[in-house]
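Asks: Submitted below is the structure of interest, expressed as structure tokens.
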Amino acid sequence: MLEQLLIFTRGGLILWTCKEIGNALKGSPIDTLIRSCLLEERSGEVSFNYGAYTLKWTFHNDLGLVFVAVYQKILQLLYVDDLLSIVKQSFSEMYDPKRMRYDDFDETFRQLRVEAEARAEEMKRTKQVAKPLNGVKKQGQVSKEETKKSNGEKKDDGDKVSVLSNGNHKMEDDVANGKENSADNNNNSVGVDVSKLAKLRSKGVRGRGGLRKADSLGSNKGSSKVVEPPKKATKKNRVWDDAAAAPKQEEEKLDFTDENGDNGHVDVVAAADQGESMMDKEEVFSSDSESEDDEPRSDEKPEAKKKGWFSSVFQSITGKANLERTDLEPALKALKERLMTKNVAEEIAEKLCESVEASLEGKKLASFTRISSTVQGAMEEALIRILTPRRSIDIMRDVHAAKEQRRPYVVVFVGVNGVGKSTNLAKVAYWLQQHKVSVMMAACDTFRSGAVEQLRTHARRLQIPIFEKGYEKDPAVVAKEAIQEATRNGSDVVLVDTAGRMQDNEPLMRALSKLINLNKPDLVLFVGEALVGNDAVDQLSKFNQKLSDLSTSGNTRLIDGILLTKFDTIDDKVGAALSMVYISGAPVMFVGCGQSYTDLKKLNVKAIVKTLLK
Amino acid sequence: MENLEDLKMMAEQWSNQGIEYLQKIPQDQLYAAVGVLLFTTVLLLLSIRLVRRTKSNTVLLSGLSGSGKTVLFYQLRDGSSHQGTVTSMEPNEGTFVLHSENAKKGKVKPVHLVDVPGHSRLRPKLEEFLPQAAAIVFVVDALEFLPNCRAASEYLYDILTNANVVKKKIPVLLCCNKTDKLTAHTKEFIRKQMEKEIEKLRASRSAVSTADIANDYTIGIEGEVFSFSHCCNKVTVAEASGLNGETVQVQDFIREYIKP
């Protein structure tokens, strides 16, 4: 049964609630819906889950009204969408901006609800008649449909299926785009398919055979991943290709750490002082007005163009028409293409366009504006809203707060291989040092050869202490000891460097969440490179999922911030920032734009939005 | 009668003479003369408009999400908050005479009240309205004050250091809302806490280099603990209760700065 149905304005005033079913709702589902869904530009989604409730909504964009229906999650009410649309129609007829109370709508609503329920009953009866004729469906297909319905849920099945479809998507995209990292993507998607299929196999879906076959598939493509067999109790050396196991002698040769450190040659390096970090410099960007020359290019289809253009011009002058989905589609499609050429992940661009469509449908076109400019304006607003941080990103303030509590502020840098964690860690240390904050580095990358030496060199150049324990040690324990050391010698900030890891590598992700659970850092910073394409979505969502799945205490720590690296290499293809922020909800705290200590700056939201829509 | 006829004759003569004269002048000069005349009239009108600055009557209601701005807006406008509110996604604007002053006789100047959403993602909306503001009411939740103290003080700090606010010395009212509840804090307590938090913010943000890209100006006096009296624009504190309709202090503030 319906728990509640609300009608409110976009400005926040509740116009009408159903008084018949006056159940008080547990918690504040409406406010949560607005904050985590509608304002996050996810209004294109089907439904939203909060606690024991599911919420569905619809907009009346012309009058600025929102209609929300709340019902129990366990019930599958089919008539809700139908009910919402007819309620929207009948309410908009009697809506008057001056009126605040709509008690006479109660009667109308009761009738509409009875009608909608009756219609749903009818449909259910006809469906039940048709069902036995369908035959036995494949179990996999059934589970796919069911999980597709519950769209916003964080269940494992939904994620797996969506990942599968994501994998297919990616492979199609790579063929279409022919990006540089397509080979990588292909490998990743194959890896995803294989491991996910292995899990789905237990549910009775006909997969591609056993793990053995998956392994051979992986090695045939030259994939660099082999999931560690779970039966081995002892820690095996990480083998990076399927070649015959390395002979025993290799093991001793692997650890090259020199006990004395650099042949005992202590080089007094002058403290690195390269001037002001770019974090503190005023951002100067040319503000040339948007050229209207781009507009004709967006109307791509020549046949439909003539008629569409003429009628749109006519409508733009009179300005009385209501925007329909068919009107918005070409403009939105062009905008989506444009976003994708700027390296925004495909599914993010899709969701954004759906959200903008939901917010513009039914709105009256203002006079003397074309549809494309209205759509552009709405998209620009949506992008600014997404990229504006949800919480304050004032790190200095947090550091001072932690200092008052007499404990160090711990930052953990996580990310996949080769994105620039160690380099950017040094840049952040330089910036903090410039602001008279005492920093300490913790070398918890105990896997990659030379990682500890790299950090040691940075520490020497910046003249800050470093806590290291060499290689082949448990990173979680090293981090814990580093924090204790920092508390002892009064450092304000501890920067923890971790090893790069792929998002589907189960044991490595487990090790990472162990590190985070054990040490409870103040900031978990995901380091992502701006060159990444569609993989950004996968990386971030998997990282977040693993961190939440494998967290032990009640307080799940997810990714708190993003550090975007290699920004100087991408010119104007800045879409990775958007994909990452959208999928994780975490703000971009730093942007790395070069390879020296001063190349660290803050994200300039307006400049990025302008570049994305150019 | 004759006079009229004479006048008519004279008028006709003059007009004929005028037309002859005009026809004698070459066309280009005529157009140039007309152009220059129009240009100077337009310039004159514009300069008069600029000099005679109309006093703005816009009052902004700002504050964190959930502090009670929309309720306050509807109380000031209609005297009741109707059936409740949810998180605002868009600003509420209206130009009206305050509800309690409807009964007042005589000419009362309507107030342009704007309720800006407090959600952090909609923060850029405030920037749009600041240039036209004559006064700002910063609403703070007196009930849930301590958990949100930091966020509220950061928002207030951003407003107080905004270029528009500093240059035009826009007065700010720190309104403590929800004072009808038992466990609500007093306005003195809130004022002291905000001053302390802003002092900490001042320390952490001034420690940054000279090119402070986060804020346009710094506030307060060097070397002294921050207090609202250090601001060049006037900052006062008041209490209110949106749900009960006790908005007298807010209304007095508005009336003080939007003079009829």
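Going through the structure tokens in order, the chains are called A, B, and so on, while each chain numbers its residues from 1 and the ligands are numbered from 1 in the order shown.
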Would you list which chain A residues are within 10 Å of chain B using only C-alpha atoms, as a short mmCIF file (atom, residue, chain, number, x, y, z; two decimals) with C-alpha atoms, in the first residue's frame?
Replies:
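That gives us result13.cif:
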```cif
data_model
loop_
_atom_site.label_atom_id
_atom_site.label_comp_id
_atom_site.auth_asym_id
_atom_site.auth_seq_id
_atom_site.Cartn_x
_atom_site.Cartn_y
_atom_site.Cartn_z
CA PHE A 8 5.74 20.21 -3.24
CA THR A 9 7.28 23.10 -5.11
CA ARG A 10 10.87 23.22 -6.17
CA GLY A 11 11.33 26.03 -3.66
CA GLY A 12 10.50 23.63 -0.85
CA LEU A 13 6.91 24.37 0.19
CA ILE A 14 4.66 21.34 0.62
CA LEU A 15 1.41 21.95 -1.23
CA TRP A 16 -0.50 18.75 -0.55
CA THR A 17 -0.12 15.49 1.27
CA SER A 28 13.24 11.82 6.56
CA ILE A 30 11.94 13.14 1.22
CA ASP A 31 14.86 15.26 2.34
CA THR A 32 17.25 12.38 1.69
CA LEU A 33 15.74 11.89 -1.76
CA ILE A 34 16.30 15.53 -2.60
CA ARG A 35 19.81 15.64 -1.24
CA LEU A 38 17.64 14.99 -7.22
CA LEU A 39 20.40 17.41 -6.41
CA GLU A 40 23.00 14.89 -7.49
CA GLY A 64 8.04 23.83 -10.87
CA MET A 100 -1.44 27.36 -0.66
CA ARG A 101 -4.07 24.84 0.38
CA GLU A 276 54.88 29.04 -4.35
CA SER A 277 52.86 25.97 -4.98
CA MET A 279 47.58 25.82 -5.05
CA ASP A 280 47.97 29.34 -3.78
CA LYS A 281 48.18 31.15 -7.07
CA GLU A 282 45.26 33.02 -8.52
CA GLU A 283 43.78 31.10 -11.40
CA GLU A 381 23.73 24.32 -14.37
CA ILE A 384 28.17 23.15 -11.97
CA ARG A 385 25.95 21.51 -9.38
CA ILE A 386 27.75 18.18 -9.66
CA LEU A 387 31.24 19.61 -9.57
CA THR A 388 30.55 21.94 -6.63
CA PRO A 389 31.66 20.03 -3.56
CA ARG A 390 29.02 18.73 -1.21
CA ARG A 391 31.09 19.41 1.86
CA SER A 392 33.87 21.81 2.57
CA ASP A 394 39.22 23.09 3.47
CA ILE A 395 42.07 20.78 4.44
CA MET A 396 43.92 23.37 6.47
CA ARG A 397 40.92 23.74 8.72
CA ASP A 398 40.74 19.96 9.24
CA VAL A 399 44.45 19.84 10.01
CA HIS A 400 44.06 22.55 12.61
CA ALA A 401 41.08 20.76 14.12
CA GLN A 434 54.77 25.87 2.76
CA HIS A 435 51.92 26.55 5.16
CA LYS A 436 53.98 25.74 8.23
CA LYS A 602 42.55 23.39 -6.93
#
```
Asks: Just want the 8 Å neighbourhood of segment 95-98 of chain B, counted on only C-alpha atoms, with same-chain residues fewer than 4 positions away dropped. Output as a PyMOL selection string.
Replies: chain B and resi 76-78+102+108-113+251
Asks: Could you save the residues just selected, with N, CA and C atoms, as an mmCIF file, in the first residue's frame?
Replies:
```
data_model
loop_
_atom_site.group_PDB
_atom_site.id
_atom_site.type_symbol
_atom_site.label_atom_id
_atom_site.label_comp_id
_atom_site.auth_asym_id
_atom_site.auth_seq_id
_atom_site.Cartn_x
_atom_site.Cartn_y
_atom_site.Cartn_z
ATOM 1 N N LEU B 76 7.006 35.440 6.964
ATOM 2 C CA LEU B 76 7.075 36.873 6.709
ATOM 3 C C LEU B 76 6.087 37.285 5.638
ATOM 4 N N ARG B 77 5.816 36.351 4.731
ATOM 5 C CA ARG B 77 4.935 36.724 3.638
ATOM 6 C C ARG B 77 3.478 36.528 3.989
ATOM 7 N N ASP B 78 3.149 35.349 4.521
ATOM 8 C CA ASP B 78 1.755 35.016 4.724
ATOM 9 C C ASP B 78 1.364 34.897 6.181
ATOM 10 N N ASN B 102 0.517 44.441 6.908
ATOM 11 C CA ASN B 102 -0.633 44.595 6.014
ATOM 12 C C ASN B 102 -1.658 45.527 6.614
ATOM 13 N N VAL B 108 3.573 51.740 2.558
ATOM 14 C CA VAL B 108 4.655 50.888 3.054
ATOM 15 C C VAL B 108 5.361 50.300 1.842
ATOM 16 N N LYS B 109 6.676 50.426 1.821
ATOM 17 C CA LYS B 109 7.418 49.978 0.647
ATOM 18 C C LYS B 109 7.521 48.456 0.651
ATOM 19 N N PRO B 110 7.183 47.808 -0.445
ATOM 20 C CA PRO B 110 7.303 46.349 -0.465
ATOM 21 C C PRO B 110 8.765 45.921 -0.435
ATOM 22 N N VAL B 111 8.979 44.757 0.142
ATOM 23 C CA VAL B 111 10.318 44.209 0.302
ATOM 24 C C VAL B 111 10.504 43.071 -0.687
ATOM 25 N N HIS B 112 11.664 43.037 -1.331
ATOM 26 C CA HIS B 112 11.973 41.928 -2.228
ATOM 27 C C HIS B 112 12.774 40.901 -1.435
ATOM 28 N N LEU B 113 12.083 39.861 -0.996
ATOM 29 C CA LEU B 113 12.717 38.872 -0.135
ATOM 30 C C LEU B 113 13.135 37.663 -0.963
ATOM 31 N N GLN B 251 11.784 41.249 11.487
ATOM 32 C CA GLN B 251 11.044 42.286 10.777
ATOM 33 C C GLN B 251 11.585 43.667 11.099
#
```
Asks: From a backbone DSSP assignment, name each residue in segment 551-610 of chain A labelled strand (DSSP E), as a ChimeraX atom specification.
Replies: /A:561-565,588-592,600-601
Asks: Selected residues, all heavy atoms, written as a compact mmCIF listing (two decimals), in the first residue's frame, please.
Replies:
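For reference, result-v3.txt as written:
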```txt
# COMPACT_ATOMS: atom_id res chain seq x y z
N GLY A 561 37.83 11.82 -1.03
CA GLY A 561 38.24 12.88 -1.95
C GLY A 561 38.98 12.28 -3.13
O GLY A 561 39.40 11.13 -3.11
N ILE A 562 39.11 13.09 -4.16
CA ILE A 562 39.77 12.63 -5.38
C ILE A 562 40.94 13.55 -5.67
O ILE A 562 40.83 14.76 -5.51
CB ILE A 562 38.78 12.67 -6.56
CG1 ILE A 562 37.63 11.70 -6.30
CG2 ILE A 562 39.46 12.30 -7.84
CD1 ILE A 562 36.59 11.74 -7.36
N LEU A 563 42.03 12.97 -6.10
CA LEU A 563 43.17 13.76 -6.54
C LEU A 563 43.34 13.44 -8.01
O LEU A 563 43.64 12.30 -8.38
CB LEU A 563 44.42 13.35 -5.74
CG LEU A 563 45.61 14.31 -5.70
CD1 LEU A 563 46.52 13.95 -4.55
CD2 LEU A 563 46.41 14.27 -6.97
N LEU A 564 43.17 14.42 -8.84
CA LEU A 564 43.21 14.20 -10.29
C LEU A 564 44.61 14.49 -10.78
O LEU A 564 45.12 15.58 -10.57
CB LEU A 564 42.19 15.14 -10.94
CG LEU A 564 41.66 14.82 -12.32
CD1 LEU A 564 41.01 13.47 -12.31
CD2 LEU A 564 40.67 15.87 -12.69
N THR A 565 45.25 13.54 -11.44
CA THR A 565 46.65 13.75 -11.84
C THR A 565 46.78 13.82 -13.35
O THR A 565 45.86 13.51 -14.09
CB THR A 565 47.53 12.60 -11.34
OG1 THR A 565 47.08 11.39 -11.95
CG2 THR A 565 47.44 12.47 -9.85
N VAL A 588 36.70 16.78 -5.86
CA VAL A 588 38.09 16.79 -6.29
C VAL A 588 38.83 17.78 -5.41
O VAL A 588 38.55 18.97 -5.42
CB VAL A 588 38.20 17.22 -7.77
CG1 VAL A 588 39.64 17.35 -8.16
CG2 VAL A 588 37.51 16.21 -8.65
N MET A 589 39.79 17.28 -4.63
CA MET A 589 40.45 18.18 -3.69
C MET A 589 41.70 18.79 -4.28
O MET A 589 42.04 19.92 -3.97
CB MET A 589 40.79 17.40 -2.42
CG MET A 589 39.56 16.68 -1.90
SD MET A 589 39.74 16.04 -0.28
CE MET A 589 39.34 17.45 0.65
N PHE A 590 42.43 18.04 -5.09
CA PHE A 590 43.63 18.58 -5.70
C PHE A 590 43.67 18.17 -7.16
O PHE A 590 43.09 17.16 -7.55
CB PHE A 590 44.89 18.00 -5.05
CG PHE A 590 45.01 18.24 -3.59
CD1 PHE A 590 44.71 17.24 -2.69
CD2 PHE A 590 45.42 19.46 -3.12
CE1 PHE A 590 44.83 17.45 -1.34
CE2 PHE A 590 45.55 19.68 -1.77
CZ PHE A 590 45.24 18.67 -0.88
N VAL A 591 44.41 18.95 -7.93
CA VAL A 591 44.63 18.59 -9.32
C VAL A 591 46.12 18.66 -9.57
O VAL A 591 46.75 19.69 -9.33
CB VAL A 591 43.88 19.57 -10.26
CG1 VAL A 591 44.20 19.27 -11.68
CG2 VAL A 591 42.40 19.48 -10.02
N GLY A 592 46.69 17.57 -10.02
CA GLY A 592 48.12 17.55 -10.32
C GLY A 592 48.33 17.91 -11.77
O GLY A 592 47.78 17.28 -12.66
N LEU A 600 50.54 21.73 -8.30
CA LEU A 600 49.35 21.20 -7.63
C LEU A 600 48.37 22.34 -7.53
O LEU A 600 48.72 23.41 -7.06
CB LEU A 600 49.74 20.70 -6.23
CG LEU A 600 48.72 19.89 -5.45
CD1 LEU A 600 48.57 18.53 -6.04
CD2 LEU A 600 49.16 19.78 -4.01
N LYS A 601 47.15 22.15 -8.01
CA LYS A 601 46.22 23.26 -7.86
C LYS A 601 44.83 22.76 -7.50
O LYS A 601 44.58 21.56 -7.43
CB LYS A 601 46.17 24.12 -9.13
CG LYS A 601 46.18 23.39 -10.43
CD LYS A 601 46.04 24.34 -11.59
CE LYS A 601 45.53 23.57 -12.78
NZ LYS A 601 45.43 24.25 -13.99
```
Asks: Residues at most 8 Å from segment 175-187 of chain B, counting only C-alpha atoms, excluding those fewer than 2 positions away in the same chain, as a compact mmCIF listing (two decimals) with N, CA, C and O atoms, in the first residue's frame?
Replies:
```txt
# COMPACT_ATOMS: atom_id res chain seq x y z
N SER B 67 17.98 25.05 8.32
CA SER B 67 17.97 26.01 9.42
C SER B 67 16.64 26.71 9.53
O SER B 67 16.35 27.31 10.56
N GLY B 68 15.80 26.63 8.51
CA GLY B 68 14.46 27.19 8.63
C GLY B 68 14.21 28.42 7.79
O GLY B 68 13.35 29.24 8.13
N VAL B 137 20.04 38.23 6.00
CA VAL B 137 19.67 37.55 7.24
C VAL B 137 20.28 36.17 7.19
O VAL B 137 19.95 35.36 6.33
N PHE B 138 21.20 35.88 8.11
CA PHE B 138 21.85 34.57 8.12
C PHE B 138 21.18 33.73 9.20
O PHE B 138 21.32 34.01 10.38
N VAL B 139 20.44 32.71 8.77
CA VAL B 139 19.63 31.93 9.70
C VAL B 139 20.45 30.76 10.23
O VAL B 139 21.07 30.03 9.46
N VAL B 140 20.44 30.57 11.55
CA VAL B 140 21.20 29.49 12.17
C VAL B 140 20.23 28.66 13.01
O VAL B 140 19.35 29.19 13.66
N ASP B 141 20.40 27.36 12.97
CA ASP B 141 19.55 26.46 13.75
C ASP B 141 20.06 26.44 15.19
O ASP B 141 21.12 25.92 15.47
N ALA B 142 19.30 27.05 16.09
CA ALA B 142 19.78 27.13 17.47
C ALA B 142 19.67 25.81 18.21
O ALA B 142 20.28 25.62 19.26
N LEU B 143 18.90 24.88 17.63
CA LEU B 143 18.71 23.59 18.30
C LEU B 143 19.88 22.67 18.01
O LEU B 143 20.50 22.13 18.92
N GLU B 144 20.18 22.50 16.74
CA GLU B 144 21.28 21.62 16.33
C GLU B 144 22.48 22.48 16.00
O GLU B 144 23.02 22.40 14.89
N PHE B 145 22.88 23.31 16.94
CA PHE B 145 23.90 24.28 16.60
C PHE B 145 25.29 23.66 16.59
O PHE B 145 26.06 23.81 15.66
N LEU B 173 22.32 40.12 9.69
CA LEU B 173 21.66 39.76 10.94
C LEU B 173 21.85 38.27 11.17
O LEU B 173 21.50 37.45 10.33
N PHE B 189 25.37 32.66 23.41
CA PHE B 189 26.22 31.49 23.24
C PHE B 189 26.58 31.30 21.78
O PHE B 189 27.73 31.07 21.41
N ILE B 190 25.56 31.44 20.92
CA ILE B 190 25.79 31.23 19.50
C ILE B 190 26.75 32.27 18.96
O ILE B 190 27.66 31.97 18.18
N ARG B 191 26.56 33.51 19.42
CA ARG B 191 27.43 34.57 18.93
C ARG B 191 28.88 34.28 19.32
O ARG B 191 29.80 34.37 18.50
N VAL B 237 22.76 40.29 16.22
CA VAL B 237 22.24 38.95 16.51
C VAL B 237 20.80 39.09 16.97
O VAL B 237 20.45 40.03 17.67
N ALA B 238 19.96 38.14 16.57
CA ALA B 238 18.55 38.18 16.99
C ALA B 238 18.05 36.76 17.15
O ALA B 238 18.69 35.80 16.73
N GLU B 239 16.88 36.65 17.76
CA GLU B 239 16.26 35.34 17.94
C GLU B 239 14.94 35.31 17.19
O GLU B 239 14.31 36.32 16.99
N ALA B 240 14.55 34.12 16.78
CA ALA B 240 13.27 33.99 16.08
C ALA B 240 12.78 32.57 16.21
O ALA B 240 13.54 31.66 16.56
N SER B 241 11.51 32.38 15.94
CA SER B 241 10.97 31.03 15.89
C SER B 241 10.05 30.95 14.70
O SER B 241 8.97 31.52 14.70
N GLY B 242 10.51 30.27 13.67
CA GLY B 242 9.76 30.23 12.43
C GLY B 242 8.40 29.58 12.59
O GLY B 242 7.38 30.08 12.13
N LEU B 243 8.36 28.44 13.27
CA LEU B 243 7.10 27.69 13.36
C LEU B 243 6.06 28.44 14.17
O LEU B 243 4.88 28.36 13.88
N ASN B 244 6.49 29.16 15.21
CA ASN B 244 5.53 29.87 16.04
C ASN B 244 5.17 31.23 15.50
O ASN B 244 4.25 31.87 16.01
N VAL B 250 13.35 39.98 13.35
CA VAL B 250 13.76 39.95 11.95
C VAL B 250 13.06 41.07 11.19
O VAL B 250 13.66 41.77 10.37
```
Asks: Between atom CA of Ala134 of chain B and atom CA of His230 of chain B, what is the distance in Å, rounded to a tenth?
Replies: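 Atom CA of His230 of chain B lies at a distance of 19.9 Å from atom CA of Ala134 of chain B.
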Asks: For the structure I just gave you, how does DSSP split segment 28-160 of chain B - specifically, which residues are helix (DSSP H, G or I)? Reply as an MDAnalysis selection string.
Replies: chainID B and resid 28:51 69:78 99:101 120:122 124:132 145:160
Asks: Quick check, in Å to one decimal: how far apart do atom CA of Val87 of chain A and atom CA of Asp106 of chain A lie?
Replies: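 Distance reported for this atom pair: 11.0 Å.
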Asks: Which residues come within 10 Å of Leu130 of chain B, counting only C-alpha atoms, excluding same-chain residues fewer than 2 positions away, as a list in words?
Replies: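 In the requested form, the answer reads Thr58, Val59, Leu60, Lys125, Leu126, Glu127, Glu128, Gln132, Ala133, Ala134, Ala135, Ile136, Ile159, Asn162, Ala163, Asn164, Val165 and Ile170 of chain B.
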Asks: I need the chosen residues saved as a PDB file, in the first residue's frame, with C-alpha atoms.
Replies:
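Okay, this is what ended up in again.pdb:
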```
ATOM      1  CA  THR B  58      16.357  43.125  -1.653  1.00  0.00           C
ATOM      2  CA  VAL B  59      16.825  41.117   1.523  1.00  0.00           C
ATOM      3  CA  LEU B  60      18.532  37.733   1.335  1.00  0.00           C
ATOM      4  CA  LYS B 125      23.141  30.695  -6.338  1.00  0.00           C
ATOM      5  CA  LEU B 126      23.999  33.005  -3.463  1.00  0.00           C
ATOM      6  CA  GLU B 127      26.663  34.668  -5.603  1.00  0.00           C
ATOM      7  CA  GLU B 128      23.999  35.645  -8.114  1.00  0.00           C
ATOM      8  CA  GLN B 132      21.632  43.364  -5.408  1.00  0.00           C
ATOM      9  CA  ALA B 133      21.284  42.743  -1.701  1.00  0.00           C
ATOM     10  CA  ALA B 134      20.603  45.572   0.709  1.00  0.00           C
ATOM     11  CA  ALA B 135      20.613  43.376   3.816  1.00  0.00           C
ATOM     12  CA  ILE B 136      21.342  39.737   4.642  1.00  0.00           C
ATOM     13  CA  ILE B 159      29.616  35.815   3.152  1.00  0.00           C
ATOM     14  CA  ASN B 162      32.677  38.486  -0.110  1.00  0.00           C
ATOM     15  CA  ALA B 163      33.711  41.504  -2.194  1.00  0.00           C
ATOM     16  CA  ASN B 164      30.161  42.808  -2.597  1.00  0.00           C
ATOM     17  CA  VAL B 165      29.417  42.613   1.101  1.00  0.00           C
ATOM     18  CA  ILE B 170      25.826  45.215   3.636  1.00  0.00           C
TER      19      ILE B 170
END
```
Asks: One decimal, in Å: what's the spacing between atom CA of Lys192 of chain B and atom CA of Gln405 of chain A?
Replies: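 Separating atom CA of Lys192 of chain B from atom CA of Gln405 of chain A is a distance of 20.6 Å.
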Asks: Which polymer residues have any atom within 12 Å of an atom of Tyr582 of chain A, counting only C-alpha atoms, with same-chain residues fewer than 2 positions away left out, as a ChimeraX atom specification?
Replies: /A:36-37,39-42,344-345,347-352,382-390,536-537,540-541,562,575-580,584-588
Asks: Got a sec: who's within 8 Å of Leu531 of chain A, counting only C-alpha atoms, leaving out chain neighbours fewer than 4 positions off, as an mmCIF file with all heavy atoms, in the first residue's frame?
Replies:
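Output (around10.cif):
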```
data_model
loop_
_atom_site.group_PDB
_atom_site.id
_atom_site.type_symbol
_atom_site.label_atom_id
_atom_site.label_comp_id
_atom_site.auth_asym_id
_atom_site.auth_seq_id
_atom_site.Cartn_x
_atom_site.Cartn_y
_atom_site.Cartn_z
ATOM 1 N N LYS A 566 47.952 14.254 -13.794
ATOM 2 C CA LYS A 566 48.318 14.333 -15.209
ATOM 3 C C LYS A 566 47.356 15.234 -15.976
ATOM 4 O O LYS A 566 46.993 14.969 -17.119
ATOM 5 C CB LYS A 566 48.345 12.938 -15.839
ATOM 6 C CG LYS A 566 49.246 11.998 -15.058
ATOM 7 C CD LYS A 566 49.399 10.661 -15.712
ATOM 8 C CE LYS A 566 50.080 9.711 -14.756
ATOM 9 N NZ LYS A 566 50.056 8.344 -15.151
ATOM 10 N N PHE A 567 46.948 16.297 -15.292
ATOM 11 C CA PHE A 567 45.983 17.200 -15.893
ATOM 12 C C PHE A 567 46.592 18.010 -17.025
ATOM 13 O O PHE A 567 45.887 18.474 -17.921
ATOM 14 C CB PHE A 567 45.472 18.152 -14.800
ATOM 15 C CG PHE A 567 44.110 18.682 -15.073
ATOM 16 C CD1 PHE A 567 43.017 17.850 -15.015
ATOM 17 C CD2 PHE A 567 43.912 20.002 -15.375
ATOM 18 C CE1 PHE A 567 41.754 18.324 -15.262
ATOM 19 C CE2 PHE A 567 42.655 20.492 -15.611
ATOM 20 C CZ PHE A 567 41.569 19.651 -15.557
ATOM 21 N N THR A 569 48.368 16.926 -19.353
ATOM 22 C CA THR A 569 48.533 16.155 -20.576
ATOM 23 C C THR A 569 47.266 16.089 -21.416
ATOM 24 O O THR A 569 47.274 15.550 -22.509
ATOM 25 C CB THR A 569 48.931 14.707 -20.248
ATOM 26 O OG1 THR A 569 47.901 14.149 -19.424
ATOM 27 C CG2 THR A 569 50.239 14.660 -19.510
ATOM 28 N N ILE A 570 46.160 16.587 -20.879
ATOM 29 C CA ILE A 570 44.921 16.313 -21.591
ATOM 30 C C ILE A 570 44.343 17.485 -22.362
ATOM 31 O O ILE A 570 43.314 17.358 -22.976
ATOM 32 C CB ILE A 570 43.826 15.807 -20.625
ATOM 33 C CG1 ILE A 570 43.703 16.742 -19.446
ATOM 34 C CG2 ILE A 570 44.124 14.418 -20.184
ATOM 35 C CD1 ILE A 570 42.520 16.417 -18.599
ATOM 36 N N ALA A 576 37.207 13.248 -17.452
ATOM 37 C CA ALA A 576 37.438 12.255 -16.394
ATOM 38 C C ALA A 576 37.050 12.821 -15.034
ATOM 39 O O ALA A 576 36.540 12.098 -14.169
ATOM 40 C CB ALA A 576 38.904 11.838 -16.389
#
```
